$ cat run21.cif   # mmCIF, C-alpha atoms
data_my_file
#
loop_
_atom_site.label_atom_id
_atom_site.label_comp_id
_atom_site.auth_asym_id
_atom_site.auth_seq_id
_atom_site.Cartn_x
_atom_site.Cartn_y
_atom_site.Cartn_z
CA GLY A 1 20.01 3.48 -3.86
CA ALA A 2 16.23 2.87 -3.87
CA VAL A 3 16.31 -0.68 -2.60
CA VAL A 4 13.19 -2.49 -1.48
CA SER A 5 13.39 -5.74 0.40
CA GLN A 6 10.78 -8.36 1.17
CA HIS A 7 10.73 -10.98 3.84
CA PRO A 8 10.38 -13.87 3.65
CA SER A 9 11.41 -14.65 0.08
CA TRP A 10 9.36 -17.80 0.19
CA VAL A 11 6.98 -19.42 2.63
CA ILE A 12 5.05 -22.67 2.79
CA CYS A 13 2.14 -22.90 5.16
CA LYS A 14 -0.83 -25.10 5.96
CA SER A 15 -4.31 -24.18 4.89
CA GLY A 16 -6.06 -22.07 7.50
CA THR A 17 -2.98 -20.38 8.88
CA SER A 18 -2.04 -16.72 8.49
CA VAL A 19 1.12 -15.49 6.84
CA LYS A 20 2.74 -12.08 7.18
CA ILE A 21 4.94 -10.62 4.46
CA GLU A 22 7.11 -7.57 5.11
CA CYS A 23 8.11 -4.93 2.62
CA ARG A 24 10.84 -2.47 3.54
CA SER A 25 12.38 0.49 1.76
CA LEU A 26 16.01 0.28 2.83
CA ASP A 27 17.48 3.59 1.80
CA PHE A 28 14.58 5.93 1.25
CA GLN A 29 11.32 6.92 2.82
CA ALA A 30 8.25 5.62 1.07
CA THR A 31 5.00 7.42 1.57
CA THR A 32 3.23 4.96 -0.66
CA MET A 33 3.68 1.24 -1.07
CA PHE A 34 1.84 -1.06 -3.42
CA TRP A 35 1.07 -4.75 -3.16
CA TYR A 36 0.74 -6.93 -6.23
CA ARG A 37 0.10 -10.59 -6.79
CA GLN A 38 1.29 -12.53 -9.77
CA PHE A 39 0.18 -15.98 -10.86
CA PRO A 40 2.55 -18.13 -12.94
CA LYS A 41 3.19 -16.75 -16.41
CA GLN A 42 0.80 -13.90 -15.81
CA SER A 43 1.17 -10.20 -15.23
CA LEU A 44 1.11 -8.29 -11.98
CA MET A 45 -2.28 -7.44 -10.55
CA LEU A 46 -2.47 -4.57 -8.11
CA MET A 47 -4.09 -5.61 -4.86
CA ALA A 48 -3.90 -2.47 -2.79
CA THR A 49 -2.23 0.88 -2.29
CA SER A 50 -0.84 1.58 1.14
CA ASN A 51 -0.13 5.04 2.49
CA GLU A 52 1.82 5.56 5.68
CA GLY A 53 -0.44 6.15 8.62
CA SER A 54 -3.70 5.57 6.83
CA LYS A 55 -5.87 2.70 5.73
CA ALA A 56 -4.98 0.87 2.55
CA THR A 57 -7.03 1.30 -0.58
CA TYR A 58 -7.98 -2.04 -2.06
CA GLU A 59 -8.65 -2.78 -5.70
CA GLN A 60 -12.01 -4.09 -6.73
CA GLY A 61 -12.39 -7.77 -5.98
CA VAL A 62 -9.66 -7.90 -3.33
CA GLU A 63 -10.96 -8.95 0.07
CA LYS A 64 -9.70 -6.48 2.62
CA ASP A 65 -10.47 -8.81 5.51
CA LYS A 66 -8.40 -11.54 3.94
CA PHE A 67 -5.44 -9.43 2.88
CA LEU A 68 -4.62 -7.16 5.80
CA ILE A 69 -2.23 -4.35 5.02
CA ASN A 70 -0.46 -2.23 7.59
CA HIS A 71 1.82 0.67 6.73
CA ALA A 72 2.99 1.79 10.14
CA SER A 73 6.12 3.66 9.14
CA LEU A 74 7.71 5.32 6.14
CA THR A 75 9.89 2.29 5.55
CA LEU A 76 7.69 -0.69 6.35
CA SER A 77 4.45 -2.13 5.05
CA THR A 78 3.12 -5.58 5.86
CA LEU A 79 0.68 -7.83 4.08
CA THR A 80 -1.00 -10.53 6.13
CA VAL A 81 -2.81 -13.29 4.30
CA THR A 82 -5.35 -14.50 6.81
CA SER A 83 -6.74 -18.04 6.84
CA ALA A 84 -4.75 -18.89 3.77
CA HIS A 85 -6.08 -21.41 1.27
CA PRO A 86 -4.37 -23.14 -1.65
CA GLU A 87 -5.88 -20.63 -4.10
CA ASP A 88 -3.93 -17.89 -2.29
CA SER A 89 -0.70 -19.49 -3.45
CA SER A 90 0.98 -16.89 -5.58
CA PHE A 91 3.94 -14.58 -5.95
CA TYR A 92 3.41 -11.40 -3.93
CA ILE A 93 5.43 -8.33 -4.88
CA CYS A 94 5.55 -4.97 -3.19
CA SER A 95 6.77 -1.68 -4.54
CA ALA A 96 7.40 1.74 -3.08
CA THR A 97 7.60 5.27 -4.31
CA ASP A 98 10.13 7.70 -2.99
CA ARG A 99 8.80 10.34 -0.65
CA ARG A 100 10.34 12.97 -2.89
CA GLY A 101 7.54 12.23 -5.31
CA TYR A 102 9.33 10.58 -8.18
CA ASN A 103 7.14 8.61 -10.58
CA GLU A 104 9.25 5.50 -10.48
CA GLN A 105 8.17 2.59 -8.34
CA PHE A 106 10.90 0.46 -6.83
CA PHE A 107 10.03 -3.19 -6.58
CA GLY A 108 10.90 -5.76 -3.99
CA PRO A 109 12.18 -9.20 -4.99
CA GLY A 110 8.85 -10.85 -4.25
CA THR A 111 7.60 -13.51 -1.87
CA ARG A 112 6.53 -16.93 -3.08
CA LEU A 113 3.62 -18.21 -0.99
CA THR A 114 2.59 -21.84 -1.19
CA VAL A 115 -0.42 -22.96 0.80
CA LEU A 116 -0.75 -26.69 1.26
CA SER B 117 -8.21 -4.02 -14.49
CA GLN B 118 -5.44 -4.70 -16.93
CA GLN B 119 -5.35 -2.08 -19.58
CA GLY B 120 -2.12 -2.94 -21.34
CA GLU B 121 -1.87 -5.43 -24.11
CA GLU B 122 1.50 -6.61 -25.25
CA ASP B 123 2.59 -8.50 -28.27
CA PRO B 124 4.02 -10.84 -28.93
CA GLN B 125 3.26 -12.87 -25.81
CA ALA B 126 6.42 -14.83 -26.43
CA LEU B 127 9.46 -14.14 -28.58
CA SER B 128 12.44 -16.37 -29.23
CA ILE B 129 15.45 -15.06 -31.16
CA GLN B 130 19.13 -15.76 -31.64
CA GLU B 131 21.76 -13.98 -29.65
CA GLY B 132 22.88 -10.84 -31.41
CA GLU B 133 19.54 -10.19 -33.08
CA ASN B 134 17.26 -7.33 -32.18
CA ALA B 135 14.08 -7.90 -30.17
CA THR B 136 11.01 -5.71 -30.50
CA MET B 137 8.07 -5.79 -28.13
CA ASN B 138 4.91 -3.74 -28.40
CA CYS B 139 2.48 -2.43 -25.84
CA SER B 140 -0.93 -0.84 -26.27
CA TYR B 141 -3.01 0.90 -23.63
CA LYS B 142 -6.46 2.38 -23.34
CA THR B 143 -6.53 5.57 -21.28
CA SER B 144 -4.61 8.83 -21.25
CA ILE B 145 -1.29 8.65 -19.50
CA ASN B 146 1.39 10.89 -18.07
CA ASN B 147 4.12 8.34 -18.63
CA LEU B 148 4.79 4.76 -19.63
CA GLN B 149 7.41 2.53 -18.13
CA TRP B 150 9.07 -0.71 -19.13
CA TYR B 151 10.18 -3.32 -16.63
CA ARG B 152 12.08 -6.58 -16.85
CA GLN B 153 11.41 -9.60 -14.69
CA ASN B 154 13.65 -12.60 -14.53
CA SER B 155 11.89 -15.85 -13.70
CA GLY B 156 10.65 -15.87 -10.11
CA ARG B 157 12.22 -12.52 -9.30
CA GLY B 158 11.13 -8.95 -8.74
CA LEU B 159 10.87 -6.27 -11.37
CA VAL B 160 13.71 -4.17 -12.62
CA HIS B 161 12.89 -0.74 -13.95
CA LEU B 162 14.28 -0.23 -17.44
CA ILE B 163 13.06 3.08 -18.76
CA LEU B 164 10.36 5.70 -18.34
CA ILE B 165 9.03 7.75 -21.22
CA ARG B 166 6.79 10.72 -20.66
CA SER B 167 3.69 11.44 -22.70
CA ASN B 168 5.35 14.40 -24.40
CA GLU B 169 8.31 12.30 -25.52
CA ARG B 170 8.37 10.22 -28.68
CA GLU B 171 11.57 8.27 -28.27
CA LYS B 172 14.06 7.51 -25.57
CA HIS B 173 17.32 5.58 -25.47
CA SER B 174 19.16 3.85 -22.68
CA GLY B 175 22.14 1.73 -23.63
CA ARG B 176 20.87 -1.03 -25.91
CA LEU B 177 17.27 -0.09 -25.23
CA ARG B 178 15.14 2.12 -27.42
CA VAL B 179 11.59 3.00 -26.48
CA THR B 180 9.07 4.78 -28.62
CA LEU B 181 5.72 6.19 -27.64
CA ASP B 182 2.84 7.11 -29.91
CA THR B 183 0.12 8.69 -27.81
CA SER B 184 -2.19 9.06 -30.79
CA LYS B 185 -2.20 5.29 -31.21
CA LYS B 186 -1.83 4.64 -27.50
CA SER B 187 1.07 2.36 -28.12
CA SER B 188 4.72 1.94 -27.23
CA SER B 189 7.53 -0.29 -28.38
CA LEU B 190 10.67 -1.55 -26.70
CA LEU B 191 13.62 -2.45 -28.88
CA ILE B 192 16.57 -4.34 -27.47
CA THR B 193 19.50 -4.28 -29.85
CA ALA B 194 22.29 -6.84 -30.07
CA SER B 195 20.51 -9.19 -27.69
CA ARG B 196 22.39 -11.29 -25.18
CA ALA B 197 21.49 -14.49 -23.37
CA ALA B 198 21.18 -12.43 -20.17
CA ASP B 199 18.30 -10.50 -21.75
CA THR B 200 16.15 -13.62 -21.42
CA ALA B 201 13.28 -12.48 -19.19
CA SER B 202 9.71 -11.24 -19.23
CA TYR B 203 9.18 -7.62 -20.18
CA PHE B 204 6.21 -5.58 -19.02
CA CYS B 205 4.96 -2.17 -19.90
CA ALA B 206 3.15 -0.20 -17.23
CA THR B 207 1.11 2.96 -17.46
CA ASP B 208 0.03 5.41 -14.84
CA ASN B 209 -3.57 5.53 -15.99
CA GLN B 210 -4.34 9.21 -16.33
CA GLY B 211 -1.66 10.30 -13.93
CA ALA B 212 -2.68 8.13 -11.02
CA GLN B 213 0.20 6.95 -8.91
CA LYS B 214 -0.67 3.30 -9.26
CA LEU B 215 0.55 1.38 -12.28
CA VAL B 216 -1.36 -0.83 -14.63
CA PHE B 217 0.70 -3.56 -16.19
CA GLY B 218 0.47 -5.14 -19.58
CA GLN B 219 0.34 -8.88 -20.02
CA GLY B 220 4.05 -9.07 -20.73
CA THR B 221 6.29 -10.56 -23.38
CA ARG B 222 8.43 -13.59 -22.55
CA LEU B 223 11.69 -13.11 -24.39
CA THR B 224 14.09 -15.99 -24.91
CA ILE B 225 17.54 -15.37 -26.34
CA ASN B 226 19.08 -18.50 -27.78
CA PRO B 227 22.88 -18.75 -27.72
#
$ encode --input "run21.cif" --output "structure tokens"
Amino acid sequence: GAVVSQHPSWVICKSGTSVKIECRSLDFQATTMFWYRQFPKQSLMLMATSNEGSKATYEQGVEKDKFLINHASLTLSTLTVTSAHPEDSSFYICSATDRRGYNEQFFGPGTRLTVL
Amino acid sequence: SQQGEEDPQALSIQEGENATMNCSYKTSINNLQWYRQNSGRGLVHLILIRSNEREKHSGRLRVTLDTSKKSSSLLITASRAADTASYFCATDNQGAQKLVFGQGTRLTINP
């Protein structure tokens, strides 16, 4: 149980294009989902917290107009990187907490974004 | 902002030896968690220890927590090549739902 999937697992795009990454909780309802980015050999940095049906809360320094987050249902959150640039190349990981309120976050397998 | 500091940043040991990783944090917490990440993959939850617990075991894993020193350690006994990965501690930062991750320890188990 408690499986989180991400799609796509990797994506290569041209500079200036937008990329959408999906995060799904497969076997549980997630009231809250989190989006992280991770640069090579570095730790995870929280980008934003996403609650179903409401606007995402972004961490300081994260551009909300560049990283659009939508959490339309209890099992799906999307991150759209708009007008991507090479510096946006990174590993993006989502996580979700079970609606039953457990402390544990369940992580997706991550999406590798490369912007040319 | 990152509040967790982990040491060592990298650790290389022989298979069968024990591996110890340490984590320090700055604010009050409700719990501390340890995760494993294989290269280029997502995170796997290993163990959660609550602030009122001092030690917890799970298989070959032993976690300690010292809230007075704001530190935790993860011990992996009888290491295996498959334990090669990065290990991160994460705290809930005064009970907030979001996690703050440490810098991580890259563990290499040599056969």
$ residues_around --input "run21.cif" --residues "region 212-220 of chain B" --least-positions-apart "6" --cutoff "6 Å" --atoms "all atoms listed in the file" --output "list of chain:residue names"
A:Ser43, B:Gly120, B:Glu121, B:Glu122, B:Tyr203, B:Phe204, B:Cys205, B:Ala206
$ write_last_selection --input "run21.cif" --atoms "C-alpha atoms" --output "PDB file, keeping the file's coordinate frame"
ATOM      1  CA  SER A  43       1.170 -10.200 -15.230  1.00  0.00           C
TER       2      SER A  43
ATOM      3  CA  GLY B 120      -2.120  -2.940 -21.340  1.00  0.00           C
ATOM      4  CA  GLU B 121      -1.870  -5.430 -24.110  1.00  0.00           C
ATOM      5  CA  GLU B 122       1.500  -6.610 -25.250  1.00  0.00           C
ATOM      6  CA  TYR B 203       9.180  -7.620 -20.180  1.00  0.00           C
ATOM      7  CA  PHE B 204       6.210  -5.580 -19.020  1.00  0.00           C
ATOM      8  CA  CYS B 205       4.960  -2.170 -19.900  1.00  0.00           C
ATOM      9  CA  ALA B 206       3.150  -0.200 -17.230  1.00  0.00           C
TER      10      ALA B 206
END
$ interface_residues --input "run21.cif" --of "chain B" --to "chain A" --cutoff "6 Å" --atoms "all atoms listed in the file" --output "JSON list (two decimals) with C-alpha atoms, keeping the file's coordinate frame"
[["chain", "number", "residue", "atom", "x", "y", "z"],
["B", 157, "ARG", "CA", 12.22, -12.52, -9.30],
["B", 158, "GLY", "CA", 11.13, -8.95, -8.74],
["B", 159, "LEU", "CA", 10.87, -6.27, -11.37],
["B", 219, "GLN", "CA", 0.34, -8.88, -20.02]]
$ resolve_selection --input "run21.cif" --expression "the PyMOL selection byres ((chain A and resi 2) around 9)" --output "PyMOL selection string"
chain A and resi 1+3-4+25-28+96-98+106
$ atom_distance --input "run21.cif" --atom1 "CA of Ser73 (chain A)" --atom2 "CA of Val19 (chain A)"
19.9 Å
$ resolve_selection --input "run21.cif" --expression "the PyMOL selection byres ((chain B and resi 197) around 8)" --output "list in words"
Glu131, Ser195, Arg196, Ala198, Asp199, Thr200, Thr224, Ile225, Asn226 and Pro227 of chain B
$ resolve_selection --input "run21.cif" --expression "the PyMOL selection byres ((chain A and resi 89) around 8)" --output "list in words"
His85, Pro86, Glu87, Asp88, Ser90, Phe91, Arg112, Leu113, Thr114 and Val115 of chain A
$ write_last_selection --input "run21.cif" --atoms "C-alpha atoms" --output "compact mmCIF listing (two decimals), keeping the file's coordinate frame"
# COMPACT_ATOMS: atom_id res chain seq x y z
CA HIS A 85 -6.08 -21.41 1.27
CA PRO A 86 -4.37 -23.14 -1.65
CA GLU A 87 -5.88 -20.63 -4.10
CA ASP A 88 -3.93 -17.89 -2.29
CA SER A 90 0.98 -16.89 -5.58
CA PHE A 91 3.94 -14.58 -5.95
CA ARG A 112 6.53 -16.93 -3.08
CA LEU A 113 3.62 -18.21 -0.99
CA THR A 114 2.59 -21.84 -1.19
CA VAL A 115 -0.42 -22.96 0.80
$ atom_distance --input "run21.cif" --atom1 "CA of Lys55 (chain A)" --atom2 "CA of Leu68 (chain A)"
9.9 Å
$ atom_distance --input "run21.cif" --atom1 "CA of Gln130 (chain B)" --atom2 "CA of Ser188 (chain B)"
23.2 Å
$ residues_around --input "run21.cif" --residues "region 177-181 of chain B" --least-positions-apart "5" --cutoff "12 Å" --atoms "all atoms listed in the file" --output "ChimeraX atom specification"
/B:134-141,145-152,162-172,186-195,199,205,207
$ closest_residue --input "run21.cif" --among "B:Thr143, B:Ser184, B:Gln125, B:Ser202" --to "Gly156 (chain B)" --atoms "all atoms listed in the file"
B:Ser202
$ closest_residue --input "run21.cif" --among "B:Ala201, B:Asp182, B:Asp208, B:Thr221" --to "Gln153 (chain B)" --atoms "all atoms listed in the file"
B:Ala201
$ residues_around --input "run21.cif" --residues "Arg100 (chain A)" --least-positions-apart "5" --cutoff "9 Å" --atoms "only C-alpha atoms" --output "MDAnalysis selection string"
chainID A and resid 29:31
$ decode --input "run21.cif" --residues "region 44-55 of chain A" --atoms "all heavy atoms" --output "PDB file, in the first residue's frame"
ATOM      1  N   LEU A  44      17.069  17.181  -0.784  1.00  0.00           N
ATOM      2  CA  LEU A  44      15.787  17.621  -1.310  1.00  0.00           C
ATOM      3  C   LEU A  44      15.445  18.985  -0.737  1.00  0.00           C
ATOM      4  O   LEU A  44      15.581  19.223   0.459  1.00  0.00           O
ATOM      5  CB  LEU A  44      14.676  16.640  -0.916  1.00  0.00           C
ATOM      6  CG  LEU A  44      14.557  15.365  -1.721  1.00  0.00           C
ATOM      7  CD1 LEU A  44      15.675  14.396  -1.391  1.00  0.00           C
ATOM      8  CD2 LEU A  44      13.207  14.711  -1.461  1.00  0.00           C
ATOM      9  N   MET A  45      14.968  19.853  -1.612  1.00  0.00           N
ATOM     10  CA  MET A  45      14.519  21.171  -1.187  1.00  0.00           C
ATOM     11  C   MET A  45      13.018  21.266  -1.456  1.00  0.00           C
ATOM     12  O   MET A  45      12.571  21.087  -2.592  1.00  0.00           O
ATOM     13  CB  MET A  45      15.258  22.265  -1.956  1.00  0.00           C
ATOM     14  CG  MET A  45      16.735  22.342  -1.642  1.00  0.00           C
ATOM     15  SD  MET A  45      17.057  22.933   0.045  1.00  0.00           S
ATOM     16  CE  MET A  45      16.477  24.614  -0.094  1.00  0.00           C
ATOM     17  N   LEU A  46      12.272  21.552  -0.425  1.00  0.00           N
ATOM     18  CA  LEU A  46      10.831  21.682  -0.594  1.00  0.00           C
ATOM     19  C   LEU A  46      10.517  22.915  -1.429  1.00  0.00           C
ATOM     20  O   LEU A  46      11.021  24.003  -1.160  1.00  0.00           O
ATOM     21  CB  LEU A  46      10.151  21.791   0.771  1.00  0.00           C
ATOM     22  CG  LEU A  46       8.639  21.933   0.762  1.00  0.00           C
ATOM     23  CD1 LEU A  46       7.975  20.673   0.202  1.00  0.00           C
ATOM     24  CD2 LEU A  46       8.111  22.221   2.169  1.00  0.00           C
ATOM     25  N   MET A  47       9.686  22.711  -2.435  1.00  0.00           N
ATOM     26  CA  MET A  47       9.265  23.826  -3.287  1.00  0.00           C
ATOM     27  C   MET A  47       7.915  24.363  -2.837  1.00  0.00           C
ATOM     28  O   MET A  47       7.729  25.568  -2.724  1.00  0.00           O
ATOM     29  CB  MET A  47       9.152  23.372  -4.743  1.00  0.00           C
ATOM     30  CG  MET A  47      10.438  22.869  -5.355  1.00  0.00           C
ATOM     31  SD  MET A  47      10.168  22.228  -7.000  1.00  0.00           S
ATOM     32  CE  MET A  47       9.677  23.703  -7.883  1.00  0.00           C
ATOM     33  N   ALA A  48       6.987  23.446  -2.612  1.00  0.00           N
ATOM     34  CA  ALA A  48       5.636  23.895  -2.294  1.00  0.00           C
ATOM     35  C   ALA A  48       4.844  22.763  -1.657  1.00  0.00           C
ATOM     36  O   ALA A  48       5.152  21.590  -1.823  1.00  0.00           O
ATOM     37  CB  ALA A  48       4.929  24.373  -3.563  1.00  0.00           C
ATOM     38  N   THR A  49       3.829  23.183  -0.911  1.00  0.00           N
ATOM     39  CA  THR A  49       2.881  22.257  -0.300  1.00  0.00           C
ATOM     40  C   THR A  49       1.541  22.450  -0.984  1.00  0.00           C
ATOM     41  O   THR A  49       1.063  23.589  -1.131  1.00  0.00           O
ATOM     42  CB  THR A  49       2.749  22.545   1.196  1.00  0.00           C
ATOM     43  OG1 THR A  49       4.031  22.434   1.809  1.00  0.00           O
ATOM     44  CG2 THR A  49       1.780  21.569   1.848  1.00  0.00           C
ATOM     45  N   SER A  50       0.945  21.352  -1.376  1.00  0.00           N
ATOM     46  CA  SER A  50      -0.279  21.407  -2.159  1.00  0.00           C
ATOM     47  C   SER A  50      -1.412  20.711  -1.425  1.00  0.00           C
ATOM     48  O   SER A  50      -1.285  19.542  -1.081  1.00  0.00           O
ATOM     49  CB  SER A  50      -0.014  20.718  -3.509  1.00  0.00           C
ATOM     50  OG  SER A  50      -1.209  20.458  -4.197  1.00  0.00           O
ATOM     51  N   ASN A  51      -2.460  21.432  -1.158  1.00  0.00           N
ATOM     52  CA  ASN A  51      -3.645  20.847  -0.514  1.00  0.00           C
ATOM     53  C   ASN A  51      -4.787  20.757  -1.510  1.00  0.00           C
ATOM     54  O   ASN A  51      -5.020  21.692  -2.277  1.00  0.00           O
ATOM     55  CB  ASN A  51      -4.067  21.684   0.691  1.00  0.00           C
ATOM     56  CG  ASN A  51      -3.073  21.586   1.816  1.00  0.00           C
ATOM     57  OD1 ASN A  51      -2.868  20.531   2.389  1.00  0.00           O
ATOM     58  ND2 ASN A  51      -2.435  22.694   2.126  1.00  0.00           N
ATOM     59  N   GLU A  52      -5.487  19.659  -1.475  1.00  0.00           N
ATOM     60  CA  GLU A  52      -6.565  19.423  -2.429  1.00  0.00           C
ATOM     61  C   GLU A  52      -7.597  20.526  -2.368  1.00  0.00           C
ATOM     62  O   GLU A  52      -8.082  20.875  -1.292  1.00  0.00           O
ATOM     63  CB  GLU A  52      -7.201  18.058  -2.149  1.00  0.00           C
ATOM     64  CG  GLU A  52      -8.261  17.662  -3.151  1.00  0.00           C
ATOM     65  CD  GLU A  52      -9.657  17.952  -2.656  1.00  0.00           C
ATOM     66  OE1 GLU A  52      -9.852  18.057  -1.441  1.00  0.00           O
ATOM     67  OE2 GLU A  52     -10.574  18.067  -3.503  1.00  0.00           O
ATOM     68  N   GLY A  53      -7.864  21.094  -3.520  1.00  0.00           N
ATOM     69  CA  GLY A  53      -8.908  22.103  -3.626  1.00  0.00           C
ATOM     70  C   GLY A  53      -8.508  23.500  -3.231  1.00  0.00           C
ATOM     71  O   GLY A  53      -9.359  24.406  -3.240  1.00  0.00           O
ATOM     72  N   SER A  54      -7.268  23.701  -2.874  1.00  0.00           N
ATOM     73  CA  SER A  54      -6.845  25.054  -2.504  1.00  0.00           C
ATOM     74  C   SER A  54      -5.519  25.392  -3.167  1.00  0.00           C
ATOM     75  O   SER A  54      -4.860  24.529  -3.739  1.00  0.00           O
ATOM     76  CB  SER A  54      -6.734  25.195  -0.983  1.00  0.00           C
ATOM     77  OG  SER A  54      -5.766  24.309  -0.475  1.00  0.00           O
ATOM     78  N   LYS A  55      -5.148  26.641  -3.052  1.00  0.00           N
ATOM     79  CA  LYS A  55      -3.910  27.081  -3.684  1.00  0.00           C
ATOM     80  C   LYS A  55      -2.706  26.502  -2.949  1.00  0.00           C
ATOM     81  O   LYS A  55      -2.727  26.328  -1.728  1.00  0.00           O
ATOM     82  CB  LYS A  55      -3.826  28.604  -3.688  1.00  0.00           C
ATOM     83  CG  LYS A  55      -4.823  29.281  -4.619  1.00  0.00           C
ATOM     84  CD  LYS A  55      -4.614  30.792  -4.619  1.00  0.00           C
ATOM     85  CE  LYS A  55      -5.602  31.453  -5.577  1.00  0.00           C
ATOM     86  NZ  LYS A  55      -5.426  32.930  -5.609  1.00  0.00           N
TER      87      LYS A  55
END
